[in-house]
Amino acid sequence: MADTVSEPIVRIAHLNSWYGRGKGRKQVLRDVSLELAPGEVLGVVGESGSGKSTLAKCVLGMVTDVTGTLEVNSPRPQMVFQDPYGSLNPAKTVGWILEEPLRAAGVKDKGERRRRVRDFLPLVGLEEEHLARKPAQLSGGQRQRVAIAAALIQGSRLIVLDEPVSALDVTLQAQILRLLADLKEELGLSYLFISHDLAVVYQLCDRVAVMTGGEIVEEGDVDEIYDHPRHAYTKKLLAASLALD
């Protein structure tokens, strides 16, 4: 359960963001306000172009043309992307990929890096034999487990998940969602979970914010949104999710 007394991991108030410059400058986010509590999973749902991925990039500091308040009270927030094959270096082994975040964090001792990588493997359901493989030699589910491990191995407590299961089949989706839920409890994580699918969000999230046109049109407890959607756009997304079940 989220700790509602502690300071929010993420606090966003009246956030606006833009892409481009000059006459091509385009506003993407419009007056967005959200909070993510420690230990909470907040889903941000919307169709392509709704602004949800831009919001995720703002949280990670990847979009800087912004106004409003954006506070991230967690060191080294990390992202897990939709396509693990695209986010993992295809020329490197899994062992190298998992050591890289530790090198970036200043862990200079090679033996220490290797020990920490090996200790981390069981948490994400990988074996030592996977360390010598390259991403192309792994299944889609295994690649996503590597991507999750790479995001967590520095000790990050805030993870942005950008459509992390949409490229997987239904069976693998369920496995990765269960892994994410287990890791959240074991490591005390907070997730900002980006998705277009309310049905997937329902399985993992505590609360959900529905976005369209760069605005949040509905927000609340996931059960309440799922059972009693108020906004027409939320009802549309829910109908689309149920049609795919």
# chains A, B, ... in the order shown; residues from 1 in each chain; ligands from 1

$ residues_around --residues "Met79 of chain A" --least-positions-apart "3" --cutoff "8 Å" --atoms "only C-alpha atoms" --output "short mmCIF file (atom, residue, chain, number, x, y, z; two decimals) with N, CA and C atoms, in the first residue's frame"
data_model
loop_
_atom_site.label_atom_id
_atom_site.label_comp_id
_atom_site.auth_asym_id
_atom_site.auth_seq_id
_atom_site.Cartn_x
_atom_site.Cartn_y
_atom_site.Cartn_z
N LEU A 60 11.29 12.38 -16.15
CA LEU A 60 12.68 11.93 -16.23
C LEU A 60 13.64 13.04 -16.62
N ALA A 151 17.16 -1.19 -15.30
CA ALA A 151 16.55 -0.01 -14.69
C ALA A 151 16.67 -0.03 -13.16
N ILE A 159 10.35 4.11 -11.01
CA ILE A 159 10.48 3.53 -12.34
C ILE A 159 9.32 3.99 -13.20
N VAL A 160 9.65 4.53 -14.36
CA VAL A 160 8.63 4.90 -15.36
C VAL A 160 8.55 3.75 -16.35
N LEU A 161 7.37 3.19 -16.48
CA LEU A 161 7.14 2.04 -17.36
C LEU A 161 6.32 2.52 -18.54
N ASP A 162 6.94 2.60 -19.71
CA ASP A 162 6.27 3.13 -20.90
C ASP A 162 5.81 1.98 -21.79
#

$ residues_around --residues "segment 7-23 of chain A" --least-positions-apart "4" --cutoff "7 Å" --atoms "only C-alpha atoms" --output "short mmCIF file (atom, residue, chain, number, x, y, z; two decimals) with C-alpha atoms, in the first residue's frame"
data_model
loop_
_atom_site.label_atom_id
_atom_site.label_comp_id
_atom_site.auth_asym_id
_atom_site.auth_seq_id
_atom_site.Cartn_x
_atom_site.Cartn_y
_atom_site.Cartn_z
CA GLN A 27 2.14 22.75 -26.77
CA VAL A 28 1.76 19.12 -25.70
CA LEU A 29 0.81 19.11 -22.00
CA ARG A 30 -1.85 21.45 -20.67
CA ASP A 31 -2.27 22.20 -16.96
CA VAL A 32 -1.43 18.68 -15.77
CA SER A 33 -1.52 18.04 -12.02
CA LEU A 34 -0.65 14.67 -10.43
CA GLU A 35 0.95 13.12 -7.37
CA LEU A 36 2.61 9.72 -6.99
CA ALA A 37 2.93 8.45 -3.42
CA PRO A 38 5.71 6.17 -2.14
CA ASP A 65 10.56 23.32 -22.17
CA VAL A 66 8.00 23.35 -19.36
CA THR A 67 6.16 25.64 -16.97
CA GLY A 68 4.48 24.78 -13.69
CA THR A 69 5.72 22.64 -10.82
CA LEU A 70 7.52 19.32 -11.29
CA GLU A 71 9.16 17.76 -8.24
CA VAL A 72 10.79 14.32 -8.33
CA ASN A 73 11.83 13.22 -4.85
CA SER A 74 13.76 10.10 -5.79
#

$ closest_residue --among "A:His228, A:Arg133, A:Arg113, A:Lys52" --to "Glu163 of chain A" --atoms "only C-alpha atoms"
A:Lys52

$ closest_residue --among "A:Ala136, A:Leu98, A:Tyr233, A:Lys184" --to "Asp119 of chain A" --atoms "only C-alpha atoms"
A:Leu98

$ select_by_dssp --residues "segment 181-238 of chain A" --states "alpha helix (DSSP H)" --output "PyMOL selection string"
chain A and resi 181-187+198-204+222-227+232-238

$ closest_residue --among "A:Ile97, A:Gln144, A:Pro135, A:Gly43" --to "Val200 of chain A" --atoms "only C-alpha atoms"
A:Gly43

$ select_by_dssp --residues "segment 64-171 of chain A" --states "strand (DSSP E)" --output "ChimeraX atom specification"
/A:66-72,78-80,158-162

$ write_last_selection --atoms "N, CA and C atoms" --output "mmCIF file, in the first residue's frame"
data_model
loop_
_atom_site.group_PDB
_atom_site.id
_atom_site.type_symbol
_atom_site.label_atom_id
_atom_site.label_comp_id
_atom_site.auth_asym_id
_atom_site.auth_seq_id
_atom_site.Cartn_x
_atom_site.Cartn_y
_atom_site.Cartn_z
ATOM 1 N N VAL A 66 9.184 23.564 -20.194
ATOM 2 C CA VAL A 66 7.999 23.355 -19.360
ATOM 3 C C VAL A 66 7.752 24.578 -18.482
ATOM 4 N N THR A 67 6.520 24.713 -18.027
ATOM 5 C CA THR A 67 6.160 25.644 -16.969
ATOM 6 C C THR A 67 5.329 24.887 -15.947
ATOM 7 N N GLY A 68 5.205 25.458 -14.759
ATOM 8 C CA GLY A 68 4.479 24.782 -13.695
ATOM 9 C C GLY A 68 5.447 24.150 -12.705
ATOM 10 N N THR A 69 4.928 23.290 -11.861
ATOM 11 C CA THR A 69 5.717 22.639 -10.816
ATOM 12 C C THR A 69 5.926 21.170 -11.150
ATOM 13 N N LEU A 70 7.188 20.724 -11.078
ATOM 14 C CA LEU A 70 7.523 19.316 -11.292
ATOM 15 C C LEU A 70 8.607 18.942 -10.289
ATOM 16 N N GLU A 71 8.221 18.187 -9.269
ATOM 17 C CA GLU A 71 9.157 17.757 -8.237
ATOM 18 C C GLU A 71 9.278 16.235 -8.281
ATOM 19 N N VAL A 72 10.507 15.752 -8.361
ATOM 20 C CA VAL A 72 10.791 14.318 -8.329
ATOM 21 C C VAL A 72 11.680 14.067 -7.122
ATOM 22 N N GLN A 78 14.347 5.851 -13.386
ATOM 23 C CA GLN A 78 14.693 5.138 -14.608
ATOM 24 C C GLN A 78 13.437 4.799 -15.408
ATOM 25 N N MET A 79 13.635 4.487 -16.691
ATOM 26 C CA MET A 79 12.526 4.121 -17.565
ATOM 27 C C MET A 79 12.720 2.719 -18.134
ATOM 28 N N VAL A 80 11.614 1.987 -18.243
ATOM 29 C CA VAL A 80 11.566 0.729 -18.984
ATOM 30 C C VAL A 80 10.703 0.979 -20.209
ATOM 31 N N LEU A 158 12.104 4.882 -8.210
ATOM 32 C CA LEU A 158 11.034 5.389 -9.071
ATOM 33 C C LEU A 158 11.293 4.877 -10.483
ATOM 34 N N ILE A 159 10.345 4.110 -11.010
ATOM 35 C CA ILE A 159 10.481 3.530 -12.339
ATOM 36 C C ILE A 159 9.316 3.986 -13.199
ATOM 37 N N VAL A 160 9.646 4.535 -14.361
ATOM 38 C CA VAL A 160 8.634 4.898 -15.355
ATOM 39 C C VAL A 160 8.547 3.752 -16.351
ATOM 40 N N LEU A 161 7.371 3.187 -16.479
ATOM 41 C CA LEU A 161 7.139 2.044 -17.359
ATOM 42 C C LEU A 161 6.317 2.517 -18.545
ATOM 43 N N ASP A 162 6.940 2.600 -19.715
ATOM 44 C CA ASP A 162 6.268 3.132 -20.903
ATOM 45 C C ASP A 162 5.814 1.979 -21.788
#

$ residues_around --residues "segment 202-204 of chain A" --least-positions-apart "6" --cutoff "10 Å" --atoms "only C-alpha atoms" --output "PyMOL selection string"
chain A and resi 41-43+174+177-178+180-181+191+193+221-223+225-226

$ residues_around --residues "Asp227 of chain A" --least-positions-apart "5" --cutoff "12 Å" --atoms "only C-alpha atoms" --output "list in words"
Leu198, Ala199, Tyr202, Gly220, Asp221, Val222, Thr234, Lys235, Leu238 and Ala239 of chain A

$ closest_residue --among "A:Cys58, A:Leu131, A:Ala167, A:Leu123" --to "Asp182 of chain A" --atoms "only C-alpha atoms"
A:Leu123

$ atom_distance --atom1 "atom CA of Gly49 of chain A" --atom2 "atom CA of Thr171 of chain A"
27.5 Å

$ closest_residue --among "A:Ile194, A:Gly125, A:Gly39, A:Val45" --to "Glu218 of chain A" --atoms "only C-alpha atoms"
A:Val45

$ closest_residue --among "A:Ala149, A:Asp83, A:Val124, A:His196" --to "Glu99 of chain A" --atoms "only C-alpha atoms"
A:Ala149

$ atom_distance --atom1 "atom CA of Ala56 of chain A" --atom2 "atom CA of Gly86 of chain A"
18.0 Å

$ atom_distance --atom1 "atom CA of Leu187 of chain A" --atom2 "atom CA of Leu121 of chain A"
14.1 Å
